[in-house]
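What follows is a short report on a single structure.
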Amino acid sequence: MSPNPKGFVRLPQVEQLLQEPVLAPYISQLSRPLVTDVVRRVLSSIRQNAVASDITTEVLHQHLVYGCQALLNQRHTRVINATGTVVHTNLGRSPIDPALWDAVAAVNTGYCNLEIKLSDGKRGQRKGIVSQLLASLTGAEEGMVVNNNAASVYLLLNELARGKEVIVSRGEQIQIGGGFRIPDILALSGATLVEVGTTNITTADDYLNAITDNTAMVLMVHCSNFVVRGFTESADIREVARRLPESVVLAVDQGSGLSTEKFAANETPMNHYIRAGADLVCFSGDKILGGPQAGIICGRRELVQKLEKNPMMRAFRPGRMVYSLLEELLVRKLNRTPEGQGVAEKSVTGQEGIEQRAQQLAAALGSFSRLVPAQMVVGGGTLPDEFFPSWSVELQVNKPSEQVLSDLRAMPLPVIGVIRNDRVQLNMAAVLPRELPVLTDQLRSYLGL
Ligand SMILES: *Cc1c(COP(=O)(O)O)cnc(C)c1O
């Protein structure tokens with residue numbers, strides 16, 4: 001075989017390749033050192049597998065671009081959520097309303113009064129008015145914030161039940177997503193698990209009969225991502241609260257953060273648990289509440305204050321980005337303005353908008369699409385088994401569905417769709433209104449329209 005006439009005598013040097021215009025956009029998005037690594041890797045793999053003279057500039061550039069693009073795909077980037085799962089843990093759970101984001105820009109891009117009292121200049125509390133806002137939302141005396149809800153559960157077990165027993169229903173030994181297992185968290189926290197009841201039935205007596213001198217807590221856990229069907233019974237929390245000895249804390253891991261939203265009839269809002277006599281309730285900030293990633297604990301003042309003094313709080317405390325976003329969200333939620341609605345509430349109560357967007361998209365794609373009724377779920381470990389009506393645009397293209405899904409992910413603004421009945425569907429429930437134009441343009445150009 002004759003050597004490629006356009007090939008290299010010797011491969012170019014790393015420094016020389018870094019000057020190539022094709023790499024400039026990657027350097028600005030990935031940094032020079034990361035692109036340098038890609039260049040080194042590509043050159044060394046070519047040296048091992050090919051002769052320089054067999055490689056053209058074009059092929060070399062292709063390898064470099066391929067390597068850089070693979071890395072760029074790992075960078076955090078916005079995507080369009082066309083899965084129909086509104087709070088999707090793999091897609092970042094709740095998008096923050098741009099109005100909230102803008103409102104907290106100043107406090108985050110300058111210094112702020114995070115731990116200083118403006119009244120007297122002395123050391124202040126990190127949580128600002130978040131505690132009062134949470135109290136108002138949940139009916140609890142006091143609220144506090146940690147980095148996520150797994151930290152909430154750990155903290156309340158570690159502070160209030162370390163070296164003691166915690167009673168949990170067998171039906172609530174849950175695992176959520178990537179390895180959040182109540183028994184594991186219990187073990188780490190130094191508390192001992194006492195299981196009561198059966199998978200489908202746990203009564204108030206089951207809890208009360210298990211109490212010993214060493215019992216510190218009864219922990220009820222919301223079944224976030226599964227439903228036990230059929231002959232089931234869970235204990236009435238009012239009765240447990242009423243009959244529990246003073247010394248035993250009644251804590252509820254409510255999970256979703258549902259409060260005053262009216263759309264989820266089968267889910268118990270946290271204020272209900274507080275009213276029913278729970279001492280502490282914890283939940284995530286980025287599920288139905290619709291805020292940033294956070295764990296929120298609300299309940300009796302004396303207990304919350306104890307939790308705040310736990311040495312692990314130094315590791316669990318959020319920064320000002322989280323506090324300022326939560327403050328902004330909660331103020332608007334309490335004032336019932338639209339920006340105070342989480343994405344779940346917006347989607348479930350905005351079904352007309354979903355249908356409209358689906359119709360518009362289907363119309364723009366003509367015979368390449370079909371409008372199909374669909375369902376949405378809130379997801380992210382909330383409202384298991386509750387489906388709400390939605391609309392999907394099904395793509396009619398002559399390509400394997402997996403290929404289409406992958407093409408959608410490779411678009412400039414990546415689109416995450418789903419396969420239903422072997423067809424790719426774009427469920428419009430979680431496609432934000434402002435994303436419709438770019439989604440339409442991308443699909444039209446994909447379909448050659
Ligand atoms: C989601 C969830 C968790 C975990 O919360 P993170 O904020 O993801 O740490 C714990 N318990 C319940 C009941 C949940 O729904």
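Identifiers in this document derive from the order of the structure tokens: chains are assigned A, B, ..., residues are numbered from 1 separately in each chain, and ligands are numbered from 1 in order of occurrence.
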
>> For ligand 1, return the neighbouring residues as number ranges by chain (distance at most 9 Å; only C-alpha atoms and all ligand atoms).
In response: A: 89, 147-153, 174-178, 180-182, 221-225, 252-257, 282-287, 293-296, 380-382

Env of segment 193-196 of chain A: 9 Å cut, atoms = only C-alpha atoms, seq-sep filter 5 positions within chain, self excluded. Answer as a PDB file with N, CA and C atoms, in the first residue's frame.
ATOM      1  N   LYS A 164     -29.310   4.744  70.778  1.00  0.00           N
ATOM      2  CA  LYS A 164     -30.645   4.347  71.244  1.00  0.00           C
ATOM      3  C   LYS A 164     -31.425   3.668  70.128  1.00  0.00           C
ATOM      4  N   GLU A 165     -32.672   3.336  70.422  1.00  0.00           N
ATOM      5  CA  GLU A 165     -33.482   2.612  69.439  1.00  0.00           C
ATOM      6  C   GLU A 165     -34.419   3.547  68.673  1.00  0.00           C
ATOM      7  N   VAL A 166     -34.580   3.212  67.402  1.00  0.00           N
ATOM      8  CA  VAL A 166     -35.530   3.945  66.561  1.00  0.00           C
ATOM      9  C   VAL A 166     -36.501   2.941  65.967  1.00  0.00           C
ATOM     10  N   ILE A 167     -37.763   3.187  66.125  1.00  0.00           N
ATOM     11  CA  ILE A 167     -38.770   2.248  65.624  1.00  0.00           C
ATOM     12  C   ILE A 167     -39.220   2.678  64.231  1.00  0.00           C
ATOM     13  N   VAL A 168     -39.115   1.743  63.285  1.00  0.00           N
ATOM     14  CA  VAL A 168     -39.509   2.013  61.902  1.00  0.00           C
ATOM     15  C   VAL A 168     -40.403   0.873  61.420  1.00  0.00           C
ATOM     16  N   SER A 169     -41.419   1.209  60.649  1.00  0.00           N
ATOM     17  CA  SER A 169     -42.301   0.178  60.102  1.00  0.00           C
ATOM     18  C   SER A 169     -41.585  -0.636  59.028  1.00  0.00           C
ATOM     19  N   ARG A 170     -41.854  -1.944  58.999  1.00  0.00           N
ATOM     20  CA  ARG A 170     -41.250  -2.797  57.949  1.00  0.00           C
ATOM     21  C   ARG A 170     -41.658  -2.327  56.563  1.00  0.00           C
ATOM     22  N   GLY A 171     -42.837  -1.752  56.452  1.00  0.00           N
ATOM     23  CA  GLY A 171     -43.306  -1.275  55.153  1.00  0.00           C
ATOM     24  C   GLY A 171     -42.579  -0.027  54.680  1.00  0.00           C
ATOM     25  N   GLN A 173     -39.109   0.473  54.951  1.00  0.00           N
ATOM     26  CA  GLN A 173     -37.656   0.258  54.853  1.00  0.00           C
ATOM     27  C   GLN A 173     -37.222   0.551  53.437  1.00  0.00           C
ATOM     28  N   PRO A 183     -32.172   1.859  56.498  1.00  0.00           N
ATOM     29  CA  PRO A 183     -31.375   1.065  57.448  1.00  0.00           C
ATOM     30  C   PRO A 183     -29.892   1.460  57.450  1.00  0.00           C
ATOM     31  N   LEU A 186     -29.507   4.739  59.255  1.00  0.00           N
ATOM     32  CA  LEU A 186     -29.671   4.469  60.679  1.00  0.00           C
ATOM     33  C   LEU A 186     -28.382   3.928  61.275  1.00  0.00           C
ATOM     34  N   ALA A 187     -27.773   2.976  60.582  1.00  0.00           N
ATOM     35  CA  ALA A 187     -26.549   2.365  61.095  1.00  0.00           C
ATOM     36  C   ALA A 187     -25.444   3.417  61.211  1.00  0.00           C
ATOM     37  N   THR A 202     -48.984  -1.947  59.479  1.00  0.00           N
ATOM     38  CA  THR A 202     -48.371  -1.530  60.734  1.00  0.00           C
ATOM     39  C   THR A 202     -49.410  -0.686  61.470  1.00  0.00           C
ATOM     40  N   THR A 203     -49.691  -1.050  62.695  1.00  0.00           N
ATOM     41  CA  THR A 203     -50.707  -0.324  63.450  1.00  0.00           C
ATOM     42  C   THR A 203     -50.044   0.518  64.535  1.00  0.00           C
ATOM     43  N   ASP A 206     -48.489  -1.582  67.092  1.00  0.00           N
ATOM     44  CA  ASP A 206     -47.173  -2.132  66.741  1.00  0.00           C
ATOM     45  C   ASP A 206     -46.061  -1.191  67.207  1.00  0.00           C
ATOM     46  N   TYR A 207     -46.253   0.089  66.953  1.00  0.00           N
ATOM     47  CA  TYR A 207     -45.238   1.064  67.390  1.00  0.00           C
ATOM     48  C   TYR A 207     -45.164   1.098  68.914  1.00  0.00           C
ATOM     49  N   ALA A 210     -43.573  -1.679  70.907  1.00  0.00           N
ATOM     50  CA  ALA A 210     -42.128  -1.878  70.711  1.00  0.00           C
ATOM     51  C   ALA A 210     -41.299  -0.915  71.563  1.00  0.00           C
TER      52      ALA A 210
END

> So how far away is atom CA of Glu159 of chain A from atom CA of Ser259 of chain A, in Å?
Replying inline: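 So the answer is 25.8 Å.
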
> Could you name the residues that touch Leu91 of chain A at 10 Å or less, counting only C-alpha atoms, but leaving out those on the same chain fewer than 6 positions away, as a list of chain:residue names?
Replying inline: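 Everything that qualifies: A:Arg78, A:Val79, A:Ile80, A:Asn81, A:Thr83, A:Thr85, A:Gly380, A:Ile416.
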
>> Please identify the helix (DSSP H, G or I) residues within segment 312-399 of chain A (assignment by DSSP from backbone atoms) and present them as a ChimeraX atom specification.
In response: /A:313-316,320-334,338-340,343-349,351-368

Next, the residues of the selection above should be written as a PDB file, in the first residue's frame with C-alpha atoms.
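Once written, selection-v7.pdb looks like this:
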ATOM      1  CA  MET A 313     -23.974  20.844  60.954  1.00  0.00           C
ATOM      2  CA  ARG A 314     -20.626  22.334  60.023  1.00  0.00           C
ATOM      3  CA  ALA A 315     -20.515  19.800  57.187  1.00  0.00           C
ATOM      4  CA  PHE A 316     -24.222  19.886  56.367  1.00  0.00           C
ATOM      5  CA  ARG A 320     -25.829  31.525  50.783  1.00  0.00           C
ATOM      6  CA  MET A 321     -26.920  30.463  47.301  1.00  0.00           C
ATOM      7  CA  VAL A 322     -29.276  27.929  48.826  1.00  0.00           C
ATOM      8  CA  TYR A 323     -30.476  30.184  51.645  1.00  0.00           C
ATOM      9  CA  SER A 324     -31.119  33.142  49.365  1.00  0.00           C
ATOM     10  CA  LEU A 325     -32.986  31.028  46.793  1.00  0.00           C
ATOM     11  CA  LEU A 326     -35.082  29.381  49.481  1.00  0.00           C
ATOM     12  CA  GLU A 327     -35.936  32.750  51.014  1.00  0.00           C
ATOM     13  CA  GLU A 328     -36.986  34.121  47.652  1.00  0.00           C
ATOM     14  CA  LEU A 329     -39.027  31.028  46.818  1.00  0.00           C
ATOM     15  CA  LEU A 330     -40.763  30.838  50.184  1.00  0.00           C
ATOM     16  CA  VAL A 331     -41.693  34.529  50.228  1.00  0.00           C
ATOM     17  CA  ARG A 332     -43.331  34.117  46.835  1.00  0.00           C
ATOM     18  CA  LYS A 333     -44.941  30.833  47.775  1.00  0.00           C
ATOM     19  CA  LEU A 334     -46.475  32.400  50.877  1.00  0.00           C
ATOM     20  CA  PRO A 338     -46.629  32.290  40.162  1.00  0.00           C
ATOM     21  CA  GLU A 339     -42.846  32.241  40.715  1.00  0.00           C
ATOM     22  CA  GLY A 340     -43.517  30.667  44.089  1.00  0.00           C
ATOM     23  CA  VAL A 343     -42.237  23.049  38.621  1.00  0.00           C
ATOM     24  CA  ALA A 344     -44.503  20.173  39.669  1.00  0.00           C
ATOM     25  CA  GLU A 345     -47.362  22.472  40.565  1.00  0.00           C
ATOM     26  CA  LYS A 346     -46.827  24.546  37.434  1.00  0.00           C
ATOM     27  CA  SER A 347     -46.966  21.470  35.194  1.00  0.00           C
ATOM     28  CA  VAL A 348     -49.830  19.667  36.847  1.00  0.00           C
ATOM     29  CA  THR A 349     -52.012  22.759  37.038  1.00  0.00           C
ATOM     30  CA  GLN A 351     -52.346  21.220  31.509  1.00  0.00           C
ATOM     31  CA  GLU A 352     -53.914  23.486  28.918  1.00  0.00           C
ATOM     32  CA  GLY A 353     -50.501  24.936  28.217  1.00  0.00           C
ATOM     33  CA  ILE A 354     -49.125  21.449  27.725  1.00  0.00           C
ATOM     34  CA  GLU A 355     -51.767  20.581  25.163  1.00  0.00           C
ATOM     35  CA  GLN A 356     -51.199  23.867  23.372  1.00  0.00           C
ATOM     36  CA  ARG A 357     -47.446  23.361  23.196  1.00  0.00           C
ATOM     37  CA  ALA A 358     -47.927  19.812  21.939  1.00  0.00           C
ATOM     38  CA  GLN A 359     -50.317  21.013  19.237  1.00  0.00           C
ATOM     39  CA  GLN A 360     -47.944  23.753  18.151  1.00  0.00           C
ATOM     40  CA  LEU A 361     -45.002  21.398  17.941  1.00  0.00           C
ATOM     41  CA  ALA A 362     -46.963  18.717  16.095  1.00  0.00           C
ATOM     42  CA  ALA A 363     -48.247  21.313  13.642  1.00  0.00           C
ATOM     43  CA  ALA A 364     -44.707  22.527  12.979  1.00  0.00           C
ATOM     44  CA  LEU A 365     -43.493  18.993  12.295  1.00  0.00           C
ATOM     45  CA  GLY A 366     -46.370  18.059   9.999  1.00  0.00           C
ATOM     46  CA  SER A 367     -46.477  14.471   8.812  1.00  0.00           C
ATOM     47  CA  PHE A 368     -43.343  13.604  10.780  1.00  0.00           C
TER      48      PHE A 368
END

> Can you list, as a list in words, every protein, DNA or RNA residue that comes within 12 Å of Leu244 of chain A when you count only C-alpha atoms, leaving out same-chain residues fewer than 3 positions away?
Replying inline: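 Here the answer would be Ile167, Ala204, Asp205, Asp206, Tyr207, Leu208, Asn209, Ala210, Ile211, Thr212, Thr215, Ala216, Met217, Val218, Ile237, Arg238, Glu239, Val240, Ala241, Ser247, Val248, Val249, Leu250, Ala251, Gly277, Ala278 and Asp279 of chain A.
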
Output file for the selection above: N, CA, C and O atoms, as an mmCIF file, in the first residue's frame:
data_model
loop_
_atom_site.group_PDB
_atom_site.id
_atom_site.type_symbol
_atom_site.label_atom_id
_atom_site.label_comp_id
_atom_site.auth_asym_id
_atom_site.auth_seq_id
_atom_site.Cartn_x
_atom_site.Cartn_y
_atom_site.Cartn_z
ATOM 1 N N ILE A 167 -37.763 3.187 66.125
ATOM 2 C CA ILE A 167 -38.770 2.248 65.624
ATOM 3 C C ILE A 167 -39.220 2.678 64.231
ATOM 4 O O ILE A 167 -39.623 3.826 64.017
ATOM 5 N N ALA A 204 -50.844 1.383 65.134
ATOM 6 C CA ALA A 204 -50.326 2.203 66.234
ATOM 7 C C ALA A 204 -49.820 1.306 67.359
ATOM 8 O O ALA A 204 -48.779 1.576 67.962
ATOM 9 N N ASP A 205 -50.532 0.226 67.610
ATOM 10 C CA ASP A 205 -50.100 -0.683 68.679
ATOM 11 C C ASP A 205 -48.744 -1.297 68.386
ATOM 12 O O ASP A 205 -47.953 -1.521 69.291
ATOM 13 N N ASP A 206 -48.489 -1.582 67.092
ATOM 14 C CA ASP A 206 -47.173 -2.132 66.741
ATOM 15 C C ASP A 206 -46.061 -1.191 67.207
ATOM 16 O O ASP A 206 -45.059 -1.628 67.770
ATOM 17 N N TYR A 207 -46.253 0.089 66.953
ATOM 18 C CA TYR A 207 -45.238 1.064 67.390
ATOM 19 C C TYR A 207 -45.164 1.098 68.914
ATOM 20 O O TYR A 207 -44.102 1.018 69.515
ATOM 21 N N LEU A 208 -46.341 1.217 69.530
ATOM 22 C CA LEU A 208 -46.358 1.474 70.974
ATOM 23 C C LEU A 208 -45.852 0.273 71.770
ATOM 24 O O LEU A 208 -45.157 0.431 72.770
ATOM 25 N N ASN A 209 -46.157 -0.942 71.267
ATOM 26 C CA ASN A 209 -45.703 -2.129 71.978
ATOM 27 C C ASN A 209 -44.197 -2.329 71.877
ATOM 28 O O ASN A 209 -43.616 -3.090 72.648
ATOM 29 N N ALA A 210 -43.573 -1.679 70.907
ATOM 30 C CA ALA A 210 -42.128 -1.878 70.711
ATOM 31 C C ALA A 210 -41.299 -0.915 71.563
ATOM 32 O O ALA A 210 -40.077 -0.981 71.569
ATOM 33 N N ILE A 211 -41.990 -0.013 72.244
ATOM 34 C CA ILE A 211 -41.242 1.000 73.000
ATOM 35 C C ILE A 211 -40.595 0.396 74.245
ATOM 36 O O ILE A 211 -41.220 -0.369 74.982
ATOM 37 N N THR A 212 -39.306 0.700 74.425
ATOM 38 C CA THR A 212 -38.576 0.267 75.627
ATOM 39 C C THR A 212 -37.997 1.519 76.289
ATOM 40 O O THR A 212 -38.179 2.633 75.784
ATOM 41 N N THR A 215 -35.881 3.534 73.824
ATOM 42 C CA THR A 215 -36.417 4.066 72.569
ATOM 43 C C THR A 215 -36.295 5.585 72.536
ATOM 44 O O THR A 215 -36.748 6.260 73.455
ATOM 45 N N ALA A 216 -35.684 6.091 71.473
ATOM 46 C CA ALA A 216 -35.537 7.547 71.361
ATOM 47 C C ALA A 216 -36.532 8.134 70.375
ATOM 48 O O ALA A 216 -36.923 9.290 70.485
ATOM 49 N N MET A 217 -36.934 7.325 69.368
ATOM 50 C CA MET A 217 -37.678 7.933 68.264
ATOM 51 C C MET A 217 -38.563 6.924 67.549
ATOM 52 O O MET A 217 -38.209 5.745 67.447
ATOM 53 N N VAL A 218 -39.680 7.416 67.066
ATOM 54 C CA VAL A 218 -40.445 6.679 66.059
ATOM 55 C C VAL A 218 -40.246 7.451 64.762
ATOM 56 O O VAL A 218 -40.474 8.666 64.711
ATOM 57 N N ILE A 237 -51.264 8.542 62.475
ATOM 58 C CA ILE A 237 -50.205 9.302 63.144
ATOM 59 C C ILE A 237 -50.729 10.047 64.371
ATOM 60 O O ILE A 237 -50.043 10.170 65.378
ATOM 61 N N ARG A 238 -52.002 10.482 64.297
ATOM 62 C CA ARG A 238 -52.568 11.173 65.466
ATOM 63 C C ARG A 238 -52.580 10.286 66.689
ATOM 64 O O ARG A 238 -52.255 10.712 67.799
ATOM 65 N N GLU A 239 -52.962 9.038 66.432
ATOM 66 C CA GLU A 239 -53.051 8.114 67.564
ATOM 67 C C GLU A 239 -51.660 7.817 68.117
ATOM 68 O O GLU A 239 -51.446 7.808 69.335
ATOM 69 N N VAL A 240 -50.696 7.602 67.210
ATOM 70 C CA VAL A 240 -49.331 7.345 67.673
ATOM 71 C C VAL A 240 -48.832 8.549 68.470
ATOM 72 O O VAL A 240 -48.280 8.414 69.568
ATOM 73 N N ALA A 241 -49.053 9.753 67.921
ATOM 74 C CA ALA A 241 -48.578 10.967 68.592
ATOM 75 C C ALA A 241 -49.188 11.105 69.984
ATOM 76 O O ALA A 241 -48.512 11.446 70.956
ATOM 77 N N SER A 247 -40.912 11.285 76.125
ATOM 78 C CA SER A 247 -39.470 11.211 75.835
ATOM 79 C C SER A 247 -39.169 10.688 74.434
ATOM 80 O O SER A 247 -38.033 10.763 73.983
ATOM 81 N N VAL A 248 -40.186 10.148 73.757
ATOM 82 C CA VAL A 248 -39.926 9.577 72.429
ATOM 83 C C VAL A 248 -40.309 10.600 71.355
ATOM 84 O O VAL A 248 -41.430 11.113 71.347
ATOM 85 N N VAL A 249 -39.366 10.877 70.462
ATOM 86 C CA VAL A 249 -39.603 11.866 69.400
ATOM 87 C C VAL A 249 -40.328 11.192 68.235
ATOM 88 O O VAL A 249 -39.952 10.106 67.804
ATOM 89 N N LEU A 250 -41.357 11.849 67.726
ATOM 90 C CA LEU A 250 -42.053 11.343 66.548
ATOM 91 C C LEU A 250 -41.587 12.152 65.338
ATOM 92 O O LEU A 250 -41.871 13.347 65.220
ATOM 93 N N ALA A 251 -40.834 11.485 64.457
ATOM 94 C CA ALA A 251 -40.277 12.181 63.293
ATOM 95 C C ALA A 251 -40.845 11.579 62.017
ATOM 96 O O ALA A 251 -41.072 10.375 61.936
ATOM 97 N N GLY A 277 -49.338 16.084 65.138
ATOM 98 C CA GLY A 277 -48.555 15.863 66.350
ATOM 99 C C GLY A 277 -47.128 15.384 66.129
ATOM 100 O O GLY A 277 -46.451 15.008 67.086
ATOM 101 N N ALA A 278 -46.660 15.389 64.883
ATOM 102 C CA ALA A 278 -45.259 15.018 64.660
ATOM 103 C C ALA A 278 -44.360 16.076 65.307
ATOM 104 O O ALA A 278 -44.663 17.263 65.268
ATOM 105 N N ASP A 279 -43.264 15.628 65.919
ATOM 106 C CA ASP A 279 -42.331 16.575 66.536
ATOM 107 C C ASP A 279 -41.428 17.198 65.483
ATOM 108 O O ASP A 279 -41.036 18.350 65.591
#

> Just how far from atom CA of Leu289 of chain A is atom CA of His88 of chain A, in Å to one decimal?
Replying inline: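 Rounded to one decimal, the two atoms are 13.7 Å apart.
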